[in-house]
Each structure stands twice: as C-alpha cells, then as structure tokens.
Amino acid sequence: MSIFDLPSYVGSSFPGLIATQLEVSLGAVAAGLVLALPIGQACARWPKLYPPVLSVATVAYSIPSLAFFVLLIAYTGLTETTVLIPLMIYSLVLLIPGVVDGVRAVPPEVRLSADAMGFGPARRYLQVELPIAVPAIMASVRIAAVSSISLMSVGGVIGNYGGFGDLVSWGLHENKIRLIWLAIASLAVLAMLCDGALLLLQRTLTPWSRGRSGRKRAAQ
Amino acid sequence: MISFVQVSKRFPDGTVAVDGLTLTAPDGAITVLVGPSGCGKTTSLRMVNRLIEPTDGKILIDGVDVAGRPAAELRRSIGYVIQHAGLFPHRTVVDNIATVPVLLGASRRDARNRARELMELVELDPALATRYPHQLSGGQQQRVGVARALAADPPVLLMDEPFSAVDPIVRKNLQEQFLRIQSEVGKTILFVTHDIDEAVKLGDRIAVLREGGILAQYDTPQQLLAHPADEFVENFLGLDRGVRRLSFFSAEAVPLLTEPVVGPGVAPDQTAPWTLHVDADRRPRGWSASGAAEGTDLISIGHTFEPAADSLRAALDAAVLSPTGWAVAVDADGRVVGVASQESIAAAIRSAHDIEALDKSSGRETDGPPTRFADATRPVR
C-alpha cells in the first residue's frame, strides 16, 4: 500500500483531492483578481477611496470562515461555491493593495507619453498600464494563492469541500495520524509548487523586468 | 505652421498659466519657448496636442483649429518628446519606436523596419534594438525618444525640455545631433526649455515668456541678444549676452599675422613679442617669448580656432585663454594659418557690429534662419 492510497471513507482519491484543492483555492484567487482590478484601479485614481476600501477588505478578512460558511449555506448550499466565496473575499485584502501598487508603479511620464502618442483610454490601460503593473500584481497573487490553499482546509468542516482539509477531518475522526501528516505535507508541497509556477508565469509575462533594479538607473 | 491666437489658460484653482498668447511658429523651423518656471511654456506646448485644453483663444496647425480634430488622431500626427523620454519600460527599443506607426495601423513588421531606419538616423547601435529601456543610458533613452517621435513622420514636433535630464557633455552631443537631424527632416518644431543657452543654440526663433504666461519678446536669437525688449528679457538673457551674441559672427574677418609663426630651424623674428613654433607639418608646438634663450621649454598654446568655421566667440575665447593673449588660427586639418591678438579680435568684433548696424539702417535685415558658427573649442592635435 502506497502512502498516497486513501481509505474508502474519504470518498476521494489523492489526485482527486489535488484537483479540488487547486480548483477551489486558485479559482477563488482568480475571481478575487477580477474584482480587485477595477477596485484597485479606482483606488489609485481616487486616493481618498483607498483607506475605506482597505478597511472594509480587512474587516472582511477578520470574519471567521465558519461564520461565512453558515451564512452562505442558506444561499449556495453545501457546494464548492460556499467555500470559494469567502476565499475570494479574503484574497482581496492582498490583491487590492497589489493592484494599487502596480498602477502606481506606472511612471507619470510613461502615462503622459502614451496619451501624447494618441492611445485611447482602453488601449492605454491594456497595452501600457496593465503590463507595467504585472510584477506588483503578480507578487500579491502569489501570496494570495498560497494563503488561499491553506485557508481552504477549513472547508472540510462543511463536508467534502476542503480539499486536503477533508483528510485532516477524517484523520481526526478516525484517529489516523498518517492522514493528517499526509494532508499537511501535501498542502505544503502544493503551495510551494503553485508559488513556483506563478513565479515562472510572471517571468514569462514580464521579460523586461528581469535584472531591473529600481525604476531609474544612473543617467550615464 | 503653428499659430497661437489669443490663447489663454486659467486652471480651476484660478492660476493663469498662459495669458493671451499670440505667436506663429513658422514651417520647417525650430521655435523655442523659453522662460522661468511658471511662465506657461509647458502648458502652451501641451495645448497644441490637446493634452490641455485652452480656456480662451485657439491654436491652428496649418490653418486648421486643433480643437476640431479628434484628440487621439491629432496626437498621432504630432511627435512628442519629453524630459525623461517616457519610454515604455515593457517594450524593447525597436517596439518603443514603432509605437505610433502601429497605432496608425502599420503591420508590426513594417513598423519595426521603419524603427530600425530611425535608429540609424539618431545614431543608435542596431544591437540595442532588442534591449529594454532600463538597459540604456540616459542619453540613449533620449535618442530613442526622438526616434519614437519621428517614427510616423509627423510634420510637427513638440519637445518639452528633452535634453535637460542628461549631463552637459551628453546634452551637447544630443543638441548637435538634433540640429543635424532637423537639417535633414525640416520639421516644424516647438521646443520648450528653461535654458537660454539652449534656446540660442537651437532656436531659429525664440519666444521669451514671463511669469503669468505673458509673451515678453518673440525674435530671432541675434535680435534677442542685441535688442532685448525690456529689463525682464535683459535679465533673463544674463550678463554675458554680448559674448554669446558673438556666436552669430564669423571669425573669418579676424586679421591674421603670419610673421610670428616659424617652422623648424628658422630663427624667430625678434620684433614680435611672441613667436609661435610649428613643426614641419605646420602643426603648433608652442610659444616662446622674444629674446628667450635657445632650448627653453615652449609655452603651451591653449586651444585654437578655425576662422573658416568658427565664430568670433570661439576666436575671442581662444585669445582670452591663451597664456600669451594671442589666439592661434588653424585650417580644417589643424595646420596653423596665423595668429591673432586680442586687440585685432576686438577690432573685428567692432567692425562686425558696425556692419550689422549699417545693414539694419539700410533695411537689409533678413528674417530668415540665423547662420551659426561653431563655438567649439578645438583641442590641440
């Protein structure tokens, strides 16, 4: 028997757990990013908006996930969505500052020259501002992904929606320490692999930022 | 031709940046807007491509009101160069230059080919094409900025202190290269600077603005230096405007003496206070004082001037810096053609001014672009 073989009562295979874990935790970060992009852009544009938005995100982050689940079960039932929504909301506290930093990293003279060359607002955003913001945004996405992978485990308490968190629940329930260790090790390895993959993605997306120290180098 | 007609700009906070500006920047010439900070020069420039909208008045390019043209389309037809170049950090040099052609619908391939031509024009090493801006020096970035502005071959170029952020040596190179490029492309250029030396060096016409966005004087550089309209302009031009104006007079008229120049093996003429020794190739070796013993060390000559190409300013500078007070004149190959004393240069300056005054009184003054002579100081070869 391999260490990756799971008892039948777990109701899922090891690869099955990996799939659920990645689908829900990374899905939550992706959904969070879709929300954070316009919110962050607005906060960078109107700086007065930023502190209240950040407070709301922080308060949301402090709501215990169990409470969130209970509230959501009434609407979304015992589904993956019930686990995904809180994770998405938690990711905002990391992603919004990432987007704001990214937008602020666009040098004013770059924005000015884009305007002066005849970029429209949409084209300027997609072809100039967003690409320049990628390194800062990706830095926050990496932290959000790792934190989401670990936070998701709590999903185990509402049924089979916690990925490796399910394994922890079963280990406690059936008094099987092996399952708990397996869950912990798997989560750690998965988080590291995800982080590495995202780093690789960022390098591919931003070949220009390699070996770049600071915004300005000495004039000559 | 760019015409400002009674243009004013009042910002929402009440500041008046530009006040009733009326001037016309002629075709194919460099018109410089110069003045202290807060004089509205940058605001004036940005109103041409509608980055800022005027509160009053209108701006015409070749008779067409810019306010009537869609902003994006208008901007694609106007080149724009700024202080820190504003290059896109995420695009390679060649793609930065290709930006506007791509916006105008050129294929990426054609746009890149065009970009490579422009790199040649601004003397950038083709090997830099695939580098990113942060891998370039400040001077190289600024060249990319100029190339990018010229990529779509716009008739009009707006330049906002493009050479201010680089060190003086690089700035001088960029300015000289810019004049060379302009002599090839002949764009209608509006150029903003706070540096009066740069304005005099580059401008065919200079508009001096004062605080509050009021036009103090609009003239050719010679006229500006010779006849400042008021005390403000005079102060702005600085104390050495007289010397600076000598840039516009050729050193050709300076009388040269050849007697004090002696080749190898020739005895010095004892009547002149100084003797210039040259080698067999007539290159300067150094000065000796009259009556100095044979074999004493020669006194170094400082720098030389070339009467055919240089200005009176260069000749005067050579004389002032010379340990003997005599300037050494050379030909294009660096061979000595004669020497000139400070007194004879001063006489040449006086007669140049007299001729100019005569031209003026007989109405022979031209309005064309100024003739410039080099102020360059030549190292001893």
# chains A, B, ... in the order shown; residues from 1 in each chain; ligands from 1
$ residues_around --residues "stretch 11-27 of chain A" --least-positions-apart "6" --cutoff "12 Å" --atoms "only C-alpha atoms" --output "ChimeraX atom specification"
/A:2-5,33-34,79-91,141-156,159-168,170,179,182-183,186-187,189-191,193-195,198
$ select_by_dssp --residues "stretch 305-353 of chain B" --states "alpha helix (DSSP H)" --output "PyMOL selection string"
chain B and resi 312-321+342-353
$ write_last_selection --atoms "N, CA, C and O atoms" --output "mmCIF file, in the first residue's frame"
data_model
loop_
_atom_site.group_PDB
_atom_site.id
_atom_site.type_symbol
_atom_site.label_atom_id
_atom_site.label_comp_id
_atom_site.auth_asym_id
_atom_site.auth_seq_id
_atom_site.Cartn_x
_atom_site.Cartn_y
_atom_site.Cartn_z
ATOM 1 N N LEU B 312 33.246 84.391 -33.857
ATOM 2 C CA LEU B 312 34.094 85.344 -33.138
ATOM 3 C C LEU B 312 34.194 84.977 -31.664
ATOM 4 O O LEU B 312 35.185 85.252 -31.003
ATOM 5 N N ARG B 313 33.121 84.298 -31.158
ATOM 6 C CA ARG B 313 33.136 83.891 -29.755
ATOM 7 C C ARG B 313 34.257 82.877 -29.513
ATOM 8 O O ARG B 313 34.972 82.956 -28.513
ATOM 9 N N ALA B 314 34.416 81.943 -30.456
ATOM 10 C CA ALA B 314 35.467 80.936 -30.329
ATOM 11 C C ALA B 314 36.843 81.595 -30.429
ATOM 12 O O ALA B 314 37.772 81.256 -29.683
ATOM 13 N N ALA B 315 36.974 82.579 -31.363
ATOM 14 C CA ALA B 315 38.257 83.260 -31.535
ATOM 15 C C ALA B 315 38.620 84.042 -30.268
ATOM 16 O O ALA B 315 39.748 83.976 -29.768
ATOM 17 N N LEU B 316 37.619 84.755 -29.739
ATOM 18 C CA LEU B 316 37.856 85.553 -28.534
ATOM 19 C C LEU B 316 38.237 84.649 -27.370
ATOM 20 O O LEU B 316 39.164 84.940 -26.599
ATOM 21 N N ASP B 317 37.531 83.520 -27.259
ATOM 22 C CA ASP B 317 37.801 82.586 -26.166
ATOM 23 C C ASP B 317 39.220 82.038 -26.274
ATOM 24 O O ASP B 317 39.931 81.932 -25.274
ATOM 25 N N ALA B 318 39.638 81.740 -27.518
ATOM 26 C CA ALA B 318 40.994 81.214 -27.717
ATOM 27 C C ALA B 318 42.025 82.251 -27.277
ATOM 28 O O ALA B 318 43.039 81.920 -26.648
ATOM 29 N N ALA B 319 41.759 83.530 -27.584
ATOM 30 C CA ALA B 319 42.695 84.592 -27.207
ATOM 31 C C ALA B 319 42.704 84.812 -25.700
ATOM 32 O O ALA B 319 43.762 85.004 -25.089
ATOM 33 N N VAL B 320 41.517 84.786 -25.090
ATOM 34 C CA VAL B 320 41.429 85.033 -23.651
ATOM 35 C C VAL B 320 42.144 83.928 -22.881
ATOM 36 O O VAL B 320 42.816 84.174 -21.875
ATOM 37 N N LEU B 321 42.011 82.693 -23.371
ATOM 38 C CA LEU B 321 42.607 81.565 -22.662
ATOM 39 C C LEU B 321 44.088 81.381 -22.959
ATOM 40 O O LEU B 321 44.783 80.687 -22.229
ATOM 41 N N GLN B 342 44.430 89.793 -29.087
ATOM 42 C CA GLN B 342 43.126 90.181 -28.529
ATOM 43 C C GLN B 342 42.650 91.486 -29.148
ATOM 44 O O GLN B 342 41.467 91.652 -29.440
ATOM 45 N N GLU B 343 43.610 92.407 -29.401
ATOM 46 C CA GLU B 343 43.240 93.712 -29.956
ATOM 47 C C GLU B 343 42.645 93.562 -31.357
ATOM 48 O O GLU B 343 41.648 94.196 -31.687
ATOM 49 N N SER B 344 43.261 92.660 -32.170
ATOM 50 C CA SER B 344 42.750 92.536 -33.536
ATOM 51 C C SER B 344 41.378 91.842 -33.527
ATOM 52 O O SER B 344 40.521 92.133 -34.357
ATOM 53 N N ILE B 345 41.164 90.932 -32.564
ATOM 54 C CA ILE B 345 39.841 90.293 -32.464
ATOM 55 C C ILE B 345 38.808 91.334 -32.024
ATOM 56 O O ILE B 345 37.704 91.393 -32.561
ATOM 57 N N ALA B 346 39.199 92.182 -31.058
ATOM 58 C CA ALA B 346 38.288 93.241 -30.607
ATOM 59 C C ALA B 346 37.909 94.152 -31.775
ATOM 60 O O ALA B 346 36.744 94.549 -31.929
ATOM 61 N N ALA B 347 38.886 94.449 -32.634
ATOM 62 C CA ALA B 347 38.608 95.290 -33.798
ATOM 63 C C ALA B 347 37.613 94.592 -34.724
ATOM 64 O O ALA B 347 36.683 95.217 -35.254
ATOM 65 N N ALA B 348 37.800 93.274 -34.895
ATOM 66 C CA ALA B 348 36.890 92.513 -35.756
ATOM 67 C C ALA B 348 35.475 92.533 -35.187
ATOM 68 O O ALA B 348 34.487 92.627 -35.921
ATOM 69 N N ILE B 349 35.372 92.453 -33.851
ATOM 70 C CA ILE B 349 34.057 92.495 -33.205
ATOM 71 C C ILE B 349 33.391 93.844 -33.470
ATOM 72 O O ILE B 349 32.220 93.925 -33.846
ATOM 73 N N ARG B 350 34.196 94.942 -33.316
ATOM 74 C CA ARG B 350 33.633 96.285 -33.537
ATOM 75 C C ARG B 350 33.136 96.430 -34.971
ATOM 76 O O ARG B 350 32.029 96.899 -35.218
ATOM 77 N N SER B 351 33.933 95.960 -35.923
ATOM 78 C CA SER B 351 33.511 96.171 -37.312
ATOM 79 C C SER B 351 32.314 95.284 -37.649
ATOM 80 O O SER B 351 31.450 95.670 -38.427
ATOM 81 N N ALA B 352 32.239 94.082 -37.030
ATOM 82 C CA ALA B 352 31.070 93.220 -37.271
ATOM 83 C C ALA B 352 29.806 93.921 -36.801
ATOM 84 O O ALA B 352 28.781 93.920 -37.484
ATOM 85 N N HIS B 353 29.888 94.558 -35.614
ATOM 86 C CA HIS B 353 28.735 95.286 -35.090
ATOM 87 C C HIS B 353 28.381 96.458 -35.999
ATOM 88 O O HIS B 353 27.211 96.732 -36.234
#
$ residues_around --residues "B:Thr220" --least-positions-apart "3" --cutoff "6 Å" --atoms "only C-alpha atoms" --output "VMD selection string"
chain B and resid 205 to 206 223
$ residues_around --residues "stretch 111-126 of chain B" --least-positions-apart "2" --cutoff "12 Å" --atoms "only C-alpha atoms" --output "PyMOL selection string"
chain B and resi 92-109+128-131+136-137+139-153+173-185
$ select_by_dssp --residues "stretch 118-207 of chain B" --states "strand (DSSP E or B)" --output "list in words"
Val156, Leu157, Leu158, Met159, Asp160, Thr188, Ile189, Leu190, Phe191, Val192, Thr193, Arg205, Ile206 and Ala207 of chain B
$ interface_residues --of "chain B" --to "chain A" --cutoff "9 Å" --atoms "only C-alpha atoms" --output "ChimeraX atom specification"
/B:46,49-51,71-92,99-100,103,131-140,149,165-167,170
$ closest_residue --among "B:Ser322, B:Ser290, B:Thr42, B:Thr258" --to "B:Val18" --atoms "only C-alpha atoms"
B:Thr42
$ closest_residue --among "A:Gly171, A:Gly196, A:Pro7, A:Pro38" --to "A:Leu92" --atoms "only C-alpha atoms"
A:Pro38
$ decode --residues "stretch 88-189 of chain A" --atoms "C-alpha atoms" --output "mmCIF file, in the first residue's frame"
data_model
loop_
_atom_site.group_PDB
_atom_site.id
_atom_site.type_symbol
_atom_site.label_atom_id
_atom_site.label_comp_id
_atom_site.auth_asym_id
_atom_site.auth_seq_id
_atom_site.Cartn_x
_atom_site.Cartn_y
_atom_site.Cartn_z
ATOM 1 C CA MET A 88 -12.259 35.122 -2.803
ATOM 2 C CA ILE A 89 -13.189 37.830 -0.307
ATOM 3 C CA TYR A 90 -10.127 37.041 1.853
ATOM 4 C CA SER A 91 -7.861 37.342 -1.196
ATOM 5 C CA LEU A 92 -9.000 40.936 -1.751
ATOM 6 C CA VAL A 93 -7.076 42.226 1.258
ATOM 7 C CA LEU A 94 -3.883 41.133 -0.530
ATOM 8 C CA LEU A 95 -4.876 41.718 -4.147
ATOM 9 C CA ILE A 96 -6.260 45.274 -3.906
ATOM 10 C CA PRO A 97 -3.008 46.719 -2.499
ATOM 11 C CA GLY A 98 -1.148 44.728 -5.162
ATOM 12 C CA VAL A 99 -3.184 46.314 -7.939
ATOM 13 C CA VAL A 100 -2.842 49.788 -6.388
ATOM 14 C CA ASP A 101 0.951 49.386 -6.133
ATOM 15 C CA GLY A 102 1.031 48.121 -9.693
ATOM 16 C CA VAL A 103 -0.917 51.059 -11.062
ATOM 17 C CA ARG A 104 1.237 53.466 -9.044
ATOM 18 C CA ALA A 105 4.360 51.830 -10.493
ATOM 19 C CA VAL A 106 3.495 53.277 -13.887
ATOM 20 C CA PRO A 107 5.774 56.340 -14.163
ATOM 21 C CA PRO A 108 3.787 59.555 -14.802
ATOM 22 C CA GLU A 109 5.943 60.361 -17.837
ATOM 23 C CA VAL A 110 5.046 56.974 -19.350
ATOM 24 C CA ARG A 111 1.345 57.698 -18.935
ATOM 25 C CA LEU A 112 1.885 61.182 -20.363
ATOM 26 C CA SER A 113 3.755 59.914 -23.401
ATOM 27 C CA ALA A 114 1.097 57.242 -24.014
ATOM 28 C CA ASP A 115 -1.540 59.980 -24.055
ATOM 29 C CA ALA A 116 0.606 62.215 -26.233
ATOM 30 C CA MET A 117 1.125 59.454 -28.793
ATOM 31 C CA GLY A 118 -2.613 59.035 -29.206
ATOM 32 C CA PHE A 119 -3.510 56.000 -27.087
ATOM 33 C CA GLY A 120 -7.198 55.918 -26.172
ATOM 34 C CA PRO A 121 -8.095 55.134 -22.518
ATOM 35 C CA ALA A 122 -8.834 51.412 -23.120
ATOM 36 C CA ARG A 123 -5.743 50.833 -25.208
ATOM 37 C CA ARG A 124 -3.612 52.735 -22.722
ATOM 38 C CA TYR A 125 -4.900 50.534 -19.897
ATOM 39 C CA LEU A 126 -4.455 47.222 -21.700
ATOM 40 C CA GLN A 127 -1.215 47.904 -23.568
ATOM 41 C CA VAL A 128 0.668 50.215 -21.222
ATOM 42 C CA GLU A 129 -0.626 50.410 -17.645
ATOM 43 C CA LEU A 130 -1.633 46.795 -17.058
ATOM 44 C CA PRO A 131 1.603 45.244 -18.410
ATOM 45 C CA ILE A 132 3.708 47.620 -16.285
ATOM 46 C CA ALA A 133 1.588 46.749 -13.229
ATOM 47 C CA VAL A 134 2.052 42.992 -13.697
ATOM 48 C CA PRO A 135 5.099 42.481 -11.416
ATOM 49 C CA ALA A 136 3.393 44.119 -8.397
ATOM 50 C CA ILE A 137 0.079 42.396 -9.113
ATOM 51 C CA MET A 138 1.731 39.002 -9.531
ATOM 52 C CA ALA A 139 3.588 39.422 -6.246
ATOM 53 C CA SER A 140 0.249 39.793 -4.462
ATOM 54 C CA VAL A 141 -1.315 36.944 -6.482
ATOM 55 C CA ARG A 142 1.450 34.599 -5.313
ATOM 56 C CA ILE A 143 0.838 35.368 -1.631
ATOM 57 C CA ALA A 144 -2.937 35.173 -2.139
ATOM 58 C CA ALA A 145 -2.640 31.767 -3.840
ATOM 59 C CA VAL A 146 -0.530 30.270 -1.056
ATOM 60 C CA SER A 147 -2.771 31.693 1.656
ATOM 61 C CA SER A 148 -5.881 30.520 -0.180
ATOM 62 C CA ILE A 149 -4.524 26.963 -0.463
ATOM 63 C CA SER A 150 -4.013 26.841 3.296
ATOM 64 C CA LEU A 151 -7.232 28.656 4.279
ATOM 65 C CA MET A 152 -9.329 26.324 2.167
ATOM 66 C CA SER A 153 -8.740 23.414 4.555
ATOM 67 C CA VAL A 154 -11.479 24.769 6.821
ATOM 68 C CA GLY A 155 -13.914 23.795 4.081
ATOM 69 C CA GLY A 156 -13.563 20.250 5.405
ATOM 70 C CA VAL A 157 -15.915 21.074 8.264
ATOM 71 C CA ILE A 158 -18.927 21.544 5.997
ATOM 72 C CA GLY A 159 -18.446 18.299 4.129
ATOM 73 C CA ASN A 160 -16.138 17.206 1.376
ATOM 74 C CA TYR A 161 -15.190 20.704 0.252
ATOM 75 C CA GLY A 162 -11.914 21.302 1.982
ATOM 76 C CA GLY A 163 -9.531 19.528 -0.360
ATOM 77 C CA PHE A 164 -6.786 18.212 1.880
ATOM 78 C CA GLY A 165 -8.722 19.720 4.776
ATOM 79 C CA ASP A 166 -11.103 16.758 4.364
ATOM 80 C CA LEU A 167 -8.189 14.473 5.035
ATOM 81 C CA VAL A 168 -7.423 16.291 8.287
ATOM 82 C CA SER A 169 -11.072 15.946 9.372
ATOM 83 C CA TRP A 170 -11.067 12.245 8.587
ATOM 84 C CA GLY A 171 -7.759 11.750 10.323
ATOM 85 C CA LEU A 172 -9.173 13.309 13.491
ATOM 86 C CA HIS A 173 -12.429 11.427 13.147
ATOM 87 C CA GLU A 174 -10.866 8.027 12.534
ATOM 88 C CA ASN A 175 -7.825 8.729 14.676
ATOM 89 C CA LYS A 176 -5.441 8.218 11.740
ATOM 90 C CA ILE A 177 -2.315 10.379 12.275
ATOM 91 C CA ARG A 178 -0.961 9.231 8.896
ATOM 92 C CA LEU A 179 -3.773 11.023 7.069
ATOM 93 C CA ILE A 180 -3.121 14.263 8.961
ATOM 94 C CA TRP A 181 0.598 14.184 8.184
ATOM 95 C CA LEU A 182 -0.131 13.370 4.565
ATOM 96 C CA ALA A 183 -2.518 16.334 4.366
ATOM 97 C CA ILE A 184 -0.018 18.745 5.924
ATOM 98 C CA ALA A 185 2.871 17.624 3.703
ATOM 99 C CA SER A 186 0.720 17.678 0.581
ATOM 100 C CA LEU A 187 -0.534 21.189 1.312
ATOM 101 C CA ALA A 188 2.990 22.472 1.872
ATOM 102 C CA VAL A 189 4.317 20.910 -1.331
#
